[in-house]
Amino acid sequence: MRDSYNFEYPSATVYGVVLNDHRTMEAIANRLNKEPYEKPPVAPVLYIKPRTTWLDARPGNAAVVEMLTGTEAIEISATIGIVLRQTASRLQPGEAMDYVRGIRLMADVSIPNPSYHRMFLREKCFDRSCPMGPETTLSGKIESRVVRTFADERLVNEHYLGDLVRGVPQLLSDITEFMTLAEGDVLMVGIPWNCPLAGAGTEIRVSMDGVKDIIFTLATERGPA
Amino acid sequence: MRLARIAYNGMILTAYPEGNMLRTTQGQLLAPEEVVWLPPIEPTTIFALGLNYSAHAKELNLPIPKQPMIFLKGPNTLIGHRGYTTRPDEVKFMHYECELAVIIGKSGKYISMETAHEHIGGYTIANDYAIRDYLEQYYRPNLRVKNRDGTTPLGPWFVPADEIVTPGSLWLRTYVNSQLVQEGNTDDLIFDIPFIISYISSFMTLQRGDVILTGTPAGLVDVNPGDRVVTEIEGLGRLENTIIAAVNNFNV
């Protein structure tokens, strides 16, 4: 059923984190000591999903993500984002959760690239490459949840939020140490490596206990009018 | 006419230059020192080019990139003219980066290089400071280097596009305590402005209000607390910033 209110997008910025789950870090541990990385990361590895990537993916809204021409498959990295309650700078871990007023279910879509060396704008920031759900509150702990991805109703991925290397309080503390987050900003808590790929025509559903699903379909790029 | 965005008397105002003074649209005539200069616009999305001057690539001993290297910056980074930028206390290398900032005036996608100029609303100066100590080889340049609070001065003016006749040959200069430390010209851009606009818009809608920082020439020097850094671009004025030590900026 279609939600009757206009979708409220994040206020200003959507940030994401990679290399923040144990499964990924164990799987690629031997790569991180070699070129070009030299050593494992010290600080959280961050990126930005700009405004033009944001897409209201509530069920019934028929959200469509167009794949860039020449792309055979794109990677679907489902996760949650925490929503900031107010301006957050230099937080201590102990107070960080006071600055969280809700979560959003998110699907970070990208052109696959196994490298973490550079964030390629074309791969990670093409239009509507960040389908998301509305802001909602979550009862219970984030760490106990699992984010599931379905492609044409087949379960293709399970992302256990208990597997995070840095939990939400530590992430917020380490990030706000040098950059202020604004009220309404979204911080995605981490996407694992090697998430499922899908091609044009696939319907993707992301679900998590306690929140409404998000749904979007992949399509080929329509191109200039 | 070029305009500034300032805070004065509890209000955010638009002001025009009048001699050495500022004339607000409401009629006040103010000295540059009596107002707070804000970034001349509040961008929607901030793009920044890495390694986009041949001389800079040479200086860093890096090959000329085949594709534009573009990263994004958050709004927390922006600070207006005559501001103070914090240098963390324990670092060894913090440097300025004088950059021509292009402000998009008309949204578009699939913009051709030939029509790119129609989408430019204006220009301003940016100083994309970087804290090299924090550089890591993950999603570089990583946000801990390039996305720090108040480390990207922007301004002082929004200069309408029609006031800059030759954006492809503007000189850029940086002075630290009145010493010239960096010099270049936009004719040395590896990827020029029409190409950048066309490239980005081939996969992302460029929106009115977006800002593109187009890279910095060679000549990067460490700056320390007390240093007065002036980044200047032909036709766009002088953007001033002073470095302050973290221990002096943040009261414990």
# chains A, B, ... in the order shown; residues from 1 in each chain; ligands from 1

$ residues_around --residues "region 90-102 of chain B" --least-positions-apart "4" --cutoff "7 Å" --atoms "only C-alpha atoms" --output "ChimeraX atom specification"
/B:120,122-133,172,174,211-216,220-223,231

$ residues_around --residues "Ala107 (chain A)" --least-positions-apart "2" --cutoff "8 Å" --atoms "only C-alpha atoms" --output "number ranges by chain"
A: 76-79, 105, 109, 130-132, 206

$ write_last_selection --atoms "all heavy atoms" --output "compact mmCIF listing (two decimals), in the first residue's frame"
# COMPACT_ATOMS: atom_id res chain seq x y z
N ILE A 76 24.52 -5.14 -5.00
CA ILE A 76 23.50 -4.66 -4.07
C ILE A 76 24.00 -4.86 -2.65
O ILE A 76 24.11 -5.99 -2.18
CB ILE A 76 22.18 -5.44 -4.24
CG1 ILE A 76 21.82 -5.64 -5.70
CG2 ILE A 76 21.06 -4.78 -3.44
CD1 ILE A 76 21.42 -4.40 -6.44
N SER A 77 24.32 -3.78 -1.97
CA SER A 77 24.88 -3.86 -0.62
C SER A 77 23.89 -3.28 0.37
O SER A 77 23.87 -2.07 0.60
CB SER A 77 26.21 -3.11 -0.55
OG SER A 77 27.05 -3.49 -1.62
N ALA A 78 23.08 -4.13 0.95
CA ALA A 78 22.02 -3.67 1.86
C ALA A 78 22.58 -3.48 3.25
O ALA A 78 23.43 -4.24 3.72
CB ALA A 78 20.89 -4.69 1.87
N THR A 79 22.07 -2.47 3.93
CA THR A 79 22.53 -2.18 5.28
C THR A 79 21.51 -1.26 5.94
O THR A 79 20.45 -1.00 5.37
CB THR A 79 23.93 -1.52 5.25
OG1 THR A 79 24.42 -1.37 6.58
CG2 THR A 79 23.91 -0.16 4.57
N LEU A 105 16.38 1.85 6.39
CA LEU A 105 16.85 0.69 5.66
C LEU A 105 17.43 1.19 4.34
O LEU A 105 16.81 2.03 3.68
CB LEU A 105 15.67 -0.25 5.43
CG LEU A 105 15.93 -1.72 5.10
CD1 LEU A 105 16.87 -2.37 6.09
CD2 LEU A 105 14.60 -2.47 5.04
N VAL A 109 23.86 0.71 -3.91
CA VAL A 109 24.02 0.02 -5.18
C VAL A 109 25.26 0.57 -5.87
O VAL A 109 25.51 1.78 -5.86
CB VAL A 109 22.77 0.25 -6.05
CG1 VAL A 109 22.97 -0.26 -7.46
CG2 VAL A 109 21.57 -0.43 -5.41
N CYS A 130 21.20 4.88 -4.46
CA CYS A 130 21.01 4.72 -3.02
C CYS A 130 19.54 4.65 -2.67
O CYS A 130 18.99 5.57 -2.04
CB CYS A 130 21.71 5.83 -2.24
SG CYS A 130 21.94 5.44 -0.49
N PRO A 131 18.86 3.56 -3.06
CA PRO A 131 17.48 3.39 -2.63
C PRO A 131 17.42 3.31 -1.11
O PRO A 131 18.31 2.70 -0.48
CB PRO A 131 17.06 2.04 -3.26
CG PRO A 131 18.07 1.77 -4.32
CD PRO A 131 19.33 2.46 -3.91
N MET A 132 16.41 3.91 -0.54
CA MET A 132 16.33 3.92 0.92
C MET A 132 14.89 3.92 1.38
O MET A 132 13.97 4.23 0.61
CB MET A 132 17.05 5.14 1.48
CG MET A 132 16.44 6.46 1.08
SD MET A 132 17.25 7.89 1.85
CE MET A 132 18.76 8.00 0.90
N VAL A 206 14.68 -5.56 0.17
CA VAL A 206 15.55 -5.59 1.34
C VAL A 206 14.66 -5.57 2.57
O VAL A 206 13.73 -4.75 2.64
CB VAL A 206 16.52 -4.39 1.36
CG1 VAL A 206 17.36 -4.37 2.63
CG2 VAL A 206 17.42 -4.43 0.13

$ residues_around --residues "Val42 (chain A)" --least-positions-apart "6" --cutoff "12 Å" --atoms "only C-alpha atoms" --output "mmCIF file with N, CA, C and O atoms, in the first residue's frame"
data_model
loop_
_atom_site.group_PDB
_atom_site.id
_atom_site.type_symbol
_atom_site.label_atom_id
_atom_site.label_comp_id
_atom_site.auth_asym_id
_atom_site.auth_seq_id
_atom_site.Cartn_x
_atom_site.Cartn_y
_atom_site.Cartn_z
ATOM 1 N N LEU A 19 34.631 -1.871 5.040
ATOM 2 C CA LEU A 19 35.627 -2.597 5.841
ATOM 3 C C LEU A 19 35.305 -2.476 7.323
ATOM 4 O O LEU A 19 36.198 -2.291 8.155
ATOM 5 N N ASN A 20 34.010 -2.617 7.644
ATOM 6 C CA ASN A 20 33.588 -2.520 9.037
ATOM 7 C C ASN A 20 32.861 -3.776 9.524
ATOM 8 O O ASN A 20 32.040 -3.720 10.425
ATOM 9 N N LEU A 32 45.259 -6.812 2.481
ATOM 10 C CA LEU A 32 45.418 -5.489 3.070
ATOM 11 C C LEU A 32 46.857 -5.160 3.452
ATOM 12 O O LEU A 32 47.177 -4.007 3.732
ATOM 13 N N VAL A 165 32.774 -4.355 13.077
ATOM 14 C CA VAL A 165 34.062 -4.159 13.763
ATOM 15 C C VAL A 165 33.927 -2.971 14.723
ATOM 16 O O VAL A 165 34.198 -3.078 15.912
ATOM 17 N N ARG A 166 33.502 -1.846 14.182
ATOM 18 C CA ARG A 166 33.167 -0.693 15.036
ATOM 19 C C ARG A 166 31.654 -0.617 15.129
ATOM 20 O O ARG A 166 30.977 -0.475 14.117
ATOM 21 N N ASP A 174 34.549 8.072 16.475
ATOM 22 C CA ASP A 174 35.741 8.197 15.619
ATOM 23 C C ASP A 174 35.504 9.157 14.454
ATOM 24 O O ASP A 174 36.429 9.844 14.017
ATOM 25 N N TYR B 134 47.312 11.984 7.820
ATOM 26 C CA TYR B 134 46.204 11.044 7.997
ATOM 27 C C TYR B 134 45.880 10.268 6.726
ATOM 28 O O TYR B 134 44.905 9.520 6.688
ATOM 29 N N LEU B 135 46.694 10.468 5.688
ATOM 30 C CA LEU B 135 46.400 9.787 4.426
ATOM 31 C C LEU B 135 46.530 8.273 4.583
ATOM 32 O O LEU B 135 47.541 7.775 5.091
ATOM 33 N N GLU B 136 45.498 7.567 4.170
ATOM 34 C CA GLU B 136 45.543 6.101 4.135
ATOM 35 C C GLU B 136 45.160 5.662 2.734
ATOM 36 O O GLU B 136 44.543 6.411 1.985
ATOM 37 N N GLN B 137 45.515 4.441 2.398
ATOM 38 C CA GLN B 137 45.324 3.946 1.033
ATOM 39 C C GLN B 137 43.958 3.313 0.812
ATOM 40 O O GLN B 137 43.823 2.354 0.045
ATOM 41 N N TYR B 138 42.946 3.856 1.490
ATOM 42 C CA TYR B 138 41.591 3.325 1.364
ATOM 43 C C TYR B 138 40.666 4.459 0.959
ATOM 44 O O TYR B 138 40.603 5.483 1.638
ATOM 45 N N ASN B 142 41.144 9.927 1.638
ATOM 46 C CA ASN B 142 40.180 9.554 2.658
ATOM 47 C C ASN B 142 39.628 10.784 3.377
ATOM 48 O O ASN B 142 40.258 11.834 3.449
ATOM 49 N N ARG B 144 39.262 11.571 6.408
ATOM 50 C CA ARG B 144 39.990 12.114 7.555
ATOM 51 C C ARG B 144 41.033 13.156 7.104
ATOM 52 O O ARG B 144 41.450 14.003 7.902
#

$ select_by_dssp --residues "region 52-152 of chain A" --states "strand (DSSP E or B)" --output "ChimeraX atom specification"
/A:54-56,63-67,74-84,88,100-110,130-132,136,146-151

$ closest_atom_pairs --of "chain B" --to "chain A" --cutoff "6 Å" --atoms "only C-alpha atoms" --output "tab-separated table"
residue	atom	partner	partner_atom	distance
B:Gln137	CA	A:Tyr37	CA	5.0
B:Tyr138	CA	A:His117	CA	4.6
B:Tyr139	CA	A:Arg118	CA	4.0
B:Arg140	CA	A:Arg118	CA	5.1
B:Arg148	CA	A:Met179	CA	5.0
B:Asp149	CA	A:Met179	CA	5.1
B:Phe203	CA	A:Phe126	CA	5.2
B:Met204	CA	A:Phe126	CA	5.1

$ select_by_dssp --residues "region 11-192 of chain B" --states "helix (DSSP H, G or I)" --output "PyMOL selection string"
chain B and resi 32-34+54-59+75-77+116-119+132-134+143-146+161-163+167-169+186-188

$ residues_around --residues "region 29-33 of chain B" --least-positions-apart "5" --cutoff "12 Å" --atoms "only C-alpha atoms" --output "list in words"
Ala4, Arg5, Ile6, Ala7, Tyr8, Asn9, Leu13, Thr14, Ala15, Tyr16, Pro17, Glu18, Gly19, Asn20, Met21, Leu22, Arg23, Thr24, Leu38, His81, Arg82, Gly83, Pro156 and Glu240 of chain B

$ write_last_selection --atoms "N, CA and C atoms" --output "short mmCIF file (atom, residue, chain, number, x, y, z; two decimals), in the first residue's frame"
data_model
loop_
_atom_site.label_atom_id
_atom_site.label_comp_id
_atom_site.auth_asym_id
_atom_site.auth_seq_id
_atom_site.Cartn_x
_atom_site.Cartn_y
_atom_site.Cartn_z
N ALA B 4 28.67 38.90 -2.07
CA ALA B 4 29.14 38.17 -0.90
C ALA B 4 27.94 37.82 -0.04
N ARG B 5 28.11 36.75 0.72
CA ARG B 5 27.09 36.33 1.69
C ARG B 5 27.71 36.57 3.05
N ILE B 6 27.09 37.43 3.85
CA ILE B 6 27.71 37.79 5.12
C ILE B 6 26.70 37.67 6.26
N ALA B 7 27.22 37.59 7.49
CA ALA B 7 26.36 37.63 8.66
C ALA B 7 26.66 38.94 9.39
N TYR B 8 25.61 39.66 9.72
CA TYR B 8 25.78 40.96 10.40
C TYR B 8 24.51 41.26 11.17
N ASN B 9 24.65 41.71 12.39
CA ASN B 9 23.49 42.11 13.17
C ASN B 9 22.44 41.00 13.26
N LEU B 13 23.01 38.31 5.12
CA LEU B 13 22.73 39.34 4.12
C LEU B 13 23.54 39.12 2.85
N THR B 14 23.04 39.67 1.79
CA THR B 14 23.79 39.73 0.53
C THR B 14 24.42 41.10 0.43
N ALA B 15 25.67 41.14 0.02
CA ALA B 15 26.36 42.44 -0.08
C ALA B 15 27.19 42.50 -1.36
N TYR B 16 27.34 43.71 -1.87
CA TYR B 16 28.13 43.95 -3.07
C TYR B 16 29.35 44.77 -2.70
N PRO B 17 30.43 44.63 -3.46
CA PRO B 17 31.59 45.45 -3.14
C PRO B 17 31.32 46.91 -3.52
N GLU B 18 31.76 47.82 -2.65
CA GLU B 18 31.67 49.25 -2.96
C GLU B 18 33.00 49.86 -2.52
N GLY B 19 33.91 50.02 -3.46
CA GLY B 19 35.27 50.40 -3.11
C GLY B 19 35.85 49.28 -2.26
N ASN B 20 36.41 49.62 -1.10
CA ASN B 20 36.92 48.60 -0.17
C ASN B 20 35.87 48.14 0.82
N MET B 21 34.66 48.66 0.68
CA MET B 21 33.60 48.36 1.64
C MET B 21 32.58 47.39 1.04
N LEU B 22 31.63 47.02 1.89
CA LEU B 22 30.53 46.16 1.45
C LEU B 22 29.23 46.93 1.57
N ARG B 23 28.42 46.92 0.53
CA ARG B 23 27.10 47.54 0.58
C ARG B 23 26.07 46.41 0.60
N THR B 24 25.32 46.31 1.72
CA THR B 24 24.32 45.24 1.75
C THR B 24 23.11 45.67 0.92
N LEU B 38 30.52 34.51 5.05
CA LEU B 38 30.10 33.12 4.90
C LEU B 38 30.50 32.63 3.52
N HIS B 81 35.53 33.44 3.94
CA HIS B 81 36.67 34.34 3.88
C HIS B 81 37.00 34.90 5.28
N ARG B 82 38.29 35.06 5.56
CA ARG B 82 38.77 35.62 6.83
C ARG B 82 38.49 34.69 8.02
N GLY B 83 38.40 33.39 7.73
CA GLY B 83 38.16 32.44 8.81
C GLY B 83 39.46 31.87 9.36
N PRO B 156 36.06 34.91 -1.71
CA PRO B 156 35.06 35.66 -0.94
C PRO B 156 33.77 35.97 -1.69
N GLU B 240 41.17 34.85 2.14
CA GLU B 240 42.11 34.82 3.26
C GLU B 240 41.70 33.81 4.31
#

$ residues_around --residues "Val168 (chain A)" --least-positions-apart "3" --cutoff "9 Å" --atoms "only C-alpha atoms" --output "PyMOL selection string"
chain A and resi 82+93+96-97+142-143+164+171-173+189

$ write_last_selection --atoms "N, CA, C and O atoms" --output "PDB file, in the first residue's frame"
ATOM      1  N   ILE A  82      22.044   4.979  10.375  1.00  0.00           N
ATOM      2  CA  ILE A  82      21.491   5.631  11.556  1.00  0.00           C
ATOM      3  C   ILE A  82      21.250   7.100  11.221  1.00  0.00           C
ATOM      4  O   ILE A  82      21.976   7.679  10.393  1.00  0.00           O
ATOM      5  N   PRO A  93      32.031   7.826  22.971  1.00  0.00           N
ATOM      6  CA  PRO A  93      31.191   6.649  22.693  1.00  0.00           C
ATOM      7  C   PRO A  93      30.010   6.534  23.650  1.00  0.00           C
ATOM      8  O   PRO A  93      28.923   6.151  23.254  1.00  0.00           O
ATOM      9  N   ALA A  96      27.110   8.663  22.455  1.00  0.00           N
ATOM     10  CA  ALA A  96      26.797   8.662  21.021  1.00  0.00           C
ATOM     11  C   ALA A  96      25.347   8.283  20.730  1.00  0.00           C
ATOM     12  O   ALA A  96      24.712   8.877  19.851  1.00  0.00           O
ATOM     13  N   MET A  97      24.802   7.312  21.437  1.00  0.00           N
ATOM     14  CA  MET A  97      23.453   6.840  21.113  1.00  0.00           C
ATOM     15  C   MET A  97      22.388   7.898  21.419  1.00  0.00           C
ATOM     16  O   MET A  97      21.299   7.859  20.859  1.00  0.00           O
ATOM     17  N   ILE A 142      20.463  -2.598  17.580  1.00  0.00           N
ATOM     18  CA  ILE A 142      20.840  -2.697  16.159  1.00  0.00           C
ATOM     19  C   ILE A 142      21.649  -3.981  15.933  1.00  0.00           C
ATOM     20  O   ILE A 142      21.456  -4.679  14.948  1.00  0.00           O
ATOM     21  N   GLU A 143      22.541  -4.289  16.884  1.00  0.00           N
ATOM     22  CA  GLU A 143      23.473  -5.418  16.718  1.00  0.00           C
ATOM     23  C   GLU A 143      22.779  -6.763  16.626  1.00  0.00           C
ATOM     24  O   GLU A 143      23.374  -7.743  16.175  1.00  0.00           O
ATOM     25  N   LEU A 164      29.707  -6.142  13.179  1.00  0.00           N
ATOM     26  CA  LEU A 164      30.437  -4.896  12.909  1.00  0.00           C
ATOM     27  C   LEU A 164      31.734  -4.838  13.707  1.00  0.00           C
ATOM     28  O   LEU A 164      31.770  -5.218  14.872  1.00  0.00           O
ATOM     29  N   LEU A 171      31.809   4.147  15.976  1.00  0.00           N
ATOM     30  CA  LEU A 171      31.815   4.801  14.668  1.00  0.00           C
ATOM     31  C   LEU A 171      31.545   6.292  14.808  1.00  0.00           C
ATOM     32  O   LEU A 171      32.264   7.129  14.258  1.00  0.00           O
ATOM     33  N   LEU A 172      30.486   6.607  15.564  1.00  0.00           N
ATOM     34  CA  LEU A 172      30.120   8.013  15.729  1.00  0.00           C
ATOM     35  C   LEU A 172      31.229   8.797  16.420  1.00  0.00           C
ATOM     36  O   LEU A 172      31.516   9.929  16.056  1.00  0.00           O
ATOM     37  N   SER A 173      31.856   8.186  17.395  1.00  0.00           N
ATOM     38  CA  SER A 173      32.932   8.867  18.109  1.00  0.00           C
ATOM     39  C   SER A 173      34.131   9.103  17.193  1.00  0.00           C
ATOM     40  O   SER A 173      34.661  10.220  17.105  1.00  0.00           O
ATOM     41  N   VAL A 189      26.061   2.003   8.441  1.00  0.00           N
ATOM     42  CA  VAL A 189      26.979   1.422   9.425  1.00  0.00           C
ATOM     43  C   VAL A 189      27.966   0.421   8.840  1.00  0.00           C
ATOM     44  O   VAL A 189      28.849  -0.061   9.544  1.00  0.00           O
TER      45      VAL A 189
END

$ residues_around --residues "Lys106 (chain B)" --least-positions-apart "2" --cutoff "9 Å" --atoms "only C-alpha atoms" --output "list in words"
Ile104, Gly108, Glu118, His119, Ile120, Gly121, Leu206, Gln207, Arg208 and Gly209 of chain B

$ write_last_selection --atoms "C-alpha atoms" --output "mmCIF file, in the first residue's frame"
data_model
loop_
_atom_site.group_PDB
_atom_site.id
_atom_site.type_symbol
_atom_site.label_atom_id
_atom_site.label_comp_id
_atom_site.auth_asym_id
_atom_site.auth_seq_id
_atom_site.Cartn_x
_atom_site.Cartn_y
_atom_site.Cartn_z
ATOM 1 C CA ILE B 104 26.550 25.132 -11.437
ATOM 2 C CA GLY B 108 21.440 18.974 -16.414
ATOM 3 C CA GLU B 118 25.453 27.215 -20.315
ATOM 4 C CA HIS B 119 25.327 25.324 -17.038
ATOM 5 C CA ILE B 120 27.892 27.439 -15.203
ATOM 6 C CA GLY B 121 26.345 30.002 -12.873
ATOM 7 C CA LEU B 206 24.407 17.955 -12.037
ATOM 8 C CA GLN B 207 22.205 20.224 -9.953
ATOM 9 C CA ARG B 208 21.976 23.983 -9.700
ATOM 10 C CA GLY B 209 24.026 24.852 -6.630
#

$ atom_distance --atom1 "CA of Leu189 (chain B)" --atom2 "CA of Ile64 (chain B)"
10.9 Å

$ residues_around --residues "Arg145 (chain A)" --least-positions-apart "4" --cutoff "8 Å" --atoms "only C-alpha atoms" --output "list in words"
Lys141, Tyr160, Leu161, Gly162, Met208 and Asp209 of chain A

$ closest_residue --among "B:Asn52, B:Thr242, B:Thr86, B:Thr45" --to "Gly150 (chain B)" --atoms "only C-alpha atoms"
B:Thr86

$ closest_residue --among "A:Ile80, A:Leu155, A:Val100, A:Ile204" --to "Gly16 (chain A)" --atoms "only C-alpha atoms"
A:Ile80

$ decode --residues "region 21-33 of chain A" --atoms "N, CA, C and O atoms" --output "PDB file, in the first residue's frame"
ATOM      1  N   ASP A  21      33.144  -4.919   8.912  1.00  0.00           N
ATOM      2  CA  ASP A  21      32.573  -6.156   9.435  1.00  0.00           C
ATOM      3  C   ASP A  21      33.656  -7.230   9.456  1.00  0.00           C
ATOM      4  O   ASP A  21      34.549  -7.254   8.606  1.00  0.00           O
ATOM      5  N   HIS A  22      33.573  -8.105  10.443  1.00  0.00           N
ATOM      6  CA  HIS A  22      34.623  -9.104  10.644  1.00  0.00           C
ATOM      7  C   HIS A  22      34.711 -10.095   9.500  1.00  0.00           C
ATOM      8  O   HIS A  22      35.814 -10.491   9.103  1.00  0.00           O
ATOM      9  N   ARG A  23      33.576 -10.469   8.955  1.00  0.00           N
ATOM     10  CA  ARG A  23      33.586 -11.450   7.857  1.00  0.00           C
ATOM     11  C   ARG A  23      34.428 -10.939   6.688  1.00  0.00           C
ATOM     12  O   ARG A  23      35.273 -11.644   6.137  1.00  0.00           O
ATOM     13  N   THR A  24      34.229  -9.676   6.327  1.00  0.00           N
ATOM     14  CA  THR A  24      35.012  -9.071   5.242  1.00  0.00           C
ATOM     15  C   THR A  24      36.481  -9.008   5.609  1.00  0.00           C
ATOM     16  O   THR A  24      37.355  -9.389   4.831  1.00  0.00           O
ATOM     17  N   MET A  25      36.767  -8.497   6.803  1.00  0.00           N
ATOM     18  CA  MET A  25      38.166  -8.294   7.189  1.00  0.00           C
ATOM     19  C   MET A  25      38.931  -9.623   7.208  1.00  0.00           C
ATOM     20  O   MET A  25      40.081  -9.681   6.810  1.00  0.00           O
ATOM     21  N   GLU A  26      38.266 -10.693   7.661  1.00  0.00           N
ATOM     22  CA  GLU A  26      38.936 -12.009   7.653  1.00  0.00           C
ATOM     23  C   GLU A  26      39.129 -12.504   6.228  1.00  0.00           C
ATOM     24  O   GLU A  26      40.175 -13.036   5.885  1.00  0.00           O
ATOM     25  N   ALA A  27      38.120 -12.294   5.387  1.00  0.00           N
ATOM     26  CA  ALA A  27      38.191 -12.808   4.016  1.00  0.00           C
ATOM     27  C   ALA A  27      39.305 -12.156   3.211  1.00  0.00           C
ATOM     28  O   ALA A  27      39.938 -12.805   2.383  1.00  0.00           O
ATOM     29  N   ILE A  28      39.547 -10.853   3.431  1.00  0.00           N
ATOM     30  CA  ILE A  28      40.529 -10.164   2.594  1.00  0.00           C
ATOM     31  C   ILE A  28      41.778  -9.752   3.356  1.00  0.00           C
ATOM     32  O   ILE A  28      42.583  -8.960   2.873  1.00  0.00           O
ATOM     33  N   ALA A  29      41.970 -10.302   4.544  1.00  0.00           N
ATOM     34  CA  ALA A  29      43.093  -9.901   5.410  1.00  0.00           C
ATOM     35  C   ALA A  29      44.439  -9.910   4.676  1.00  0.00           C
ATOM     36  O   ALA A  29      45.233  -8.979   4.806  1.00  0.00           O
ATOM     37  N   ASN A  30      44.701 -10.930   3.879  1.00  0.00           N
ATOM     38  CA  ASN A  30      46.009 -11.024   3.231  1.00  0.00           C
ATOM     39  C   ASN A  30      46.198  -9.957   2.163  1.00  0.00           C
ATOM     40  O   ASN A  30      47.326  -9.572   1.850  1.00  0.00           O
ATOM     41  N   ARG A  31      45.115  -9.412   1.606  1.00  0.00           N
ATOM     42  CA  ARG A  31      45.239  -8.347   0.594  1.00  0.00           C
ATOM     43  C   ARG A  31      45.676  -7.026   1.225  1.00  0.00           C
ATOM     44  O   ARG A  31      46.360  -6.225   0.600  1.00  0.00           O
ATOM     45  N   LEU A  32      45.259  -6.812   2.481  1.00  0.00           N
ATOM     46  CA  LEU A  32      45.418  -5.489   3.070  1.00  0.00           C
ATOM     47  C   LEU A  32      46.857  -5.160   3.452  1.00  0.00           C
ATOM     48  O   LEU A  32      47.177  -4.007   3.732  1.00  0.00           O
ATOM     49  N   ASN A  33      47.715  -6.169   3.492  1.00  0.00           N
ATOM     50  CA  ASN A  33      49.112  -5.890   3.823  1.00  0.00           C
ATOM     51  C   ASN A  33      49.963  -5.688   2.586  1.00  0.00           C
ATOM     52  O   ASN A  33      51.158  -5.458   2.686  1.00  0.00           O
TER      53      ASN A  33
END
